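Notes to accompany the following structure.
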Amino acid sequence: MRYVVDFQSLGPYLPSYARGIEITVVFSTLAIGLSFGLGIPWVALRMSPHPVPSRVARGYVEFVRNVPLLVWLYCAYFGLGSVGLHLPGFAAALLAFTVYGVAYTTEIYRAGILSVPRGQWEAADALGLSRLAIWRRVVLPQALRAAFHPLGNLVIASVLGSSLVVVLAVPDLTSAADDAGVATFRYFESFVLAAVCYVVAAQLIQAVWRAVGARAFPAYVR
C-alpha cells in the first residue's frame, strides 16, 4: 500500500507547533545566556596563575565535555530526584544545558584570550597602561573577535540540541511534533515540519550573527 504524504492533516496542530517554538526559544535563550554569563568566572579560574583553581576549572571542563548531554539531562532530572531534589523537567533541562554550555564557553573564552599575542600584552604594559586598560583596550577587543564565530556555532548547537529536552517531557518543538504524529499517525510529516522549523531557526541565527559580526568586526567577519 502506497503512502500518501499529507501535510494538511497537521493543520489543527499548528498552534501546538507555535507553542513548542515559543518554549524552544525561551529555553534556548535562558540556557545560552546563563552559559555565556557563567563562563566568565570559570575562564578566570581556568586561567588563574594559582594551580588549584586552575586545575579545578580544567577538571570541570574536561569532565563535563566528555559526558553526553543526554546523560547530564538524566542526571539533573532522575539523579537529583533520587537524592530528594525533585526539579521540574524545564528546570532540570536548563540546569543540564547550563552545566554543559559553561564548559564550552569557558574554553571558547580561553582560546580567544590566548589568541592575543603575548607581545601585545608586553607592549601595552611598557606603555604604562593599567591592567584594566590593557584588558579593555587591547585584549578584549581581539579576544571577542576570535571567539565570535565559535560562540555563534555554540548558539546554533544549543538551539538544535534543545530538542533533547523532550525526554524530560518539556513541551518544546520536538514534543509538539511527536504529539502531532501520535494523534494523526503522520510521523513523517510531523517531524519533517519540525525539521524545517529547526533549519529556519539555524539560518536566522546565522544571518543575525553574521550581521552583528559584520557591524562589530567589519574587517574580520565576511
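Ordering of the C-alpha cells sets the chain letters (A, B, ...), residue numbers begin anew at 1 in every chain, and ligands are numbered from 1 in the order given.
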
Range 37-77 of chain A residues near range 106-113 of chain A within 10 Å, closest pair each, using only C-alpha atoms, as CSV:
residue,atom,partner,partner_atom,distance
A:Gly37,CA,A:Thr106,CA,9.9
A:Leu38,CA,A:Thr106,CA,8.5
A:Gly39,CA,A:Thr106,CA,4.8
A:Ile40,CA,A:Thr106,CA,6.9
A:Pro41,CA,A:Thr106,CA,8.6
A:Trp42,CA,A:Thr106,CA,6.0
A:Val43,CA,A:Thr106,CA,4.9
A:Ala44,CA,A:Arg110,CA,8.7
A:Leu45,CA,A:Thr106,CA,9.5
A:Arg46,CA,A:Thr106,CA,7.8
A:Met47,CA,A:Arg110,CA,7.4
A:Ala57,CA,A:Thr106,CA,8.9
A:Arg58,CA,A:Glu107,CA,9.3
A:Val61,CA,A:Thr106,CA,7.6
A:Glu62,CA,A:Glu107,CA,9.9

Quiz prompt | Shell around range 181-197 of chain A at 12 Å using only C-alpha atoms, local window under 3 positions removed, as a ChimeraX atom specification | solution = /A:3-14,16-18,20-22,24-25,159-160,163,172-178,200-204

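Here CA of Asn153 in chain A is placed at a distance of 17.2 Å from CA of Phe27 in chain A.
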
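Using only C-alpha atoms, the residues found no farther than 8 Å from Arg145 in chain A, other than those of its own chain fewer than 4 positions away, are Gly112, Pro141, His149, Phe217 and Tyr220 of chain A.
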
Quiz item: Out of range 21-105 of chain A, which residues get alpha helix (DSSP H) from DSSP, as a PyMOL selection string?
Solution: chain A and resi 21-46+51-65+69-74+80-82+89-105
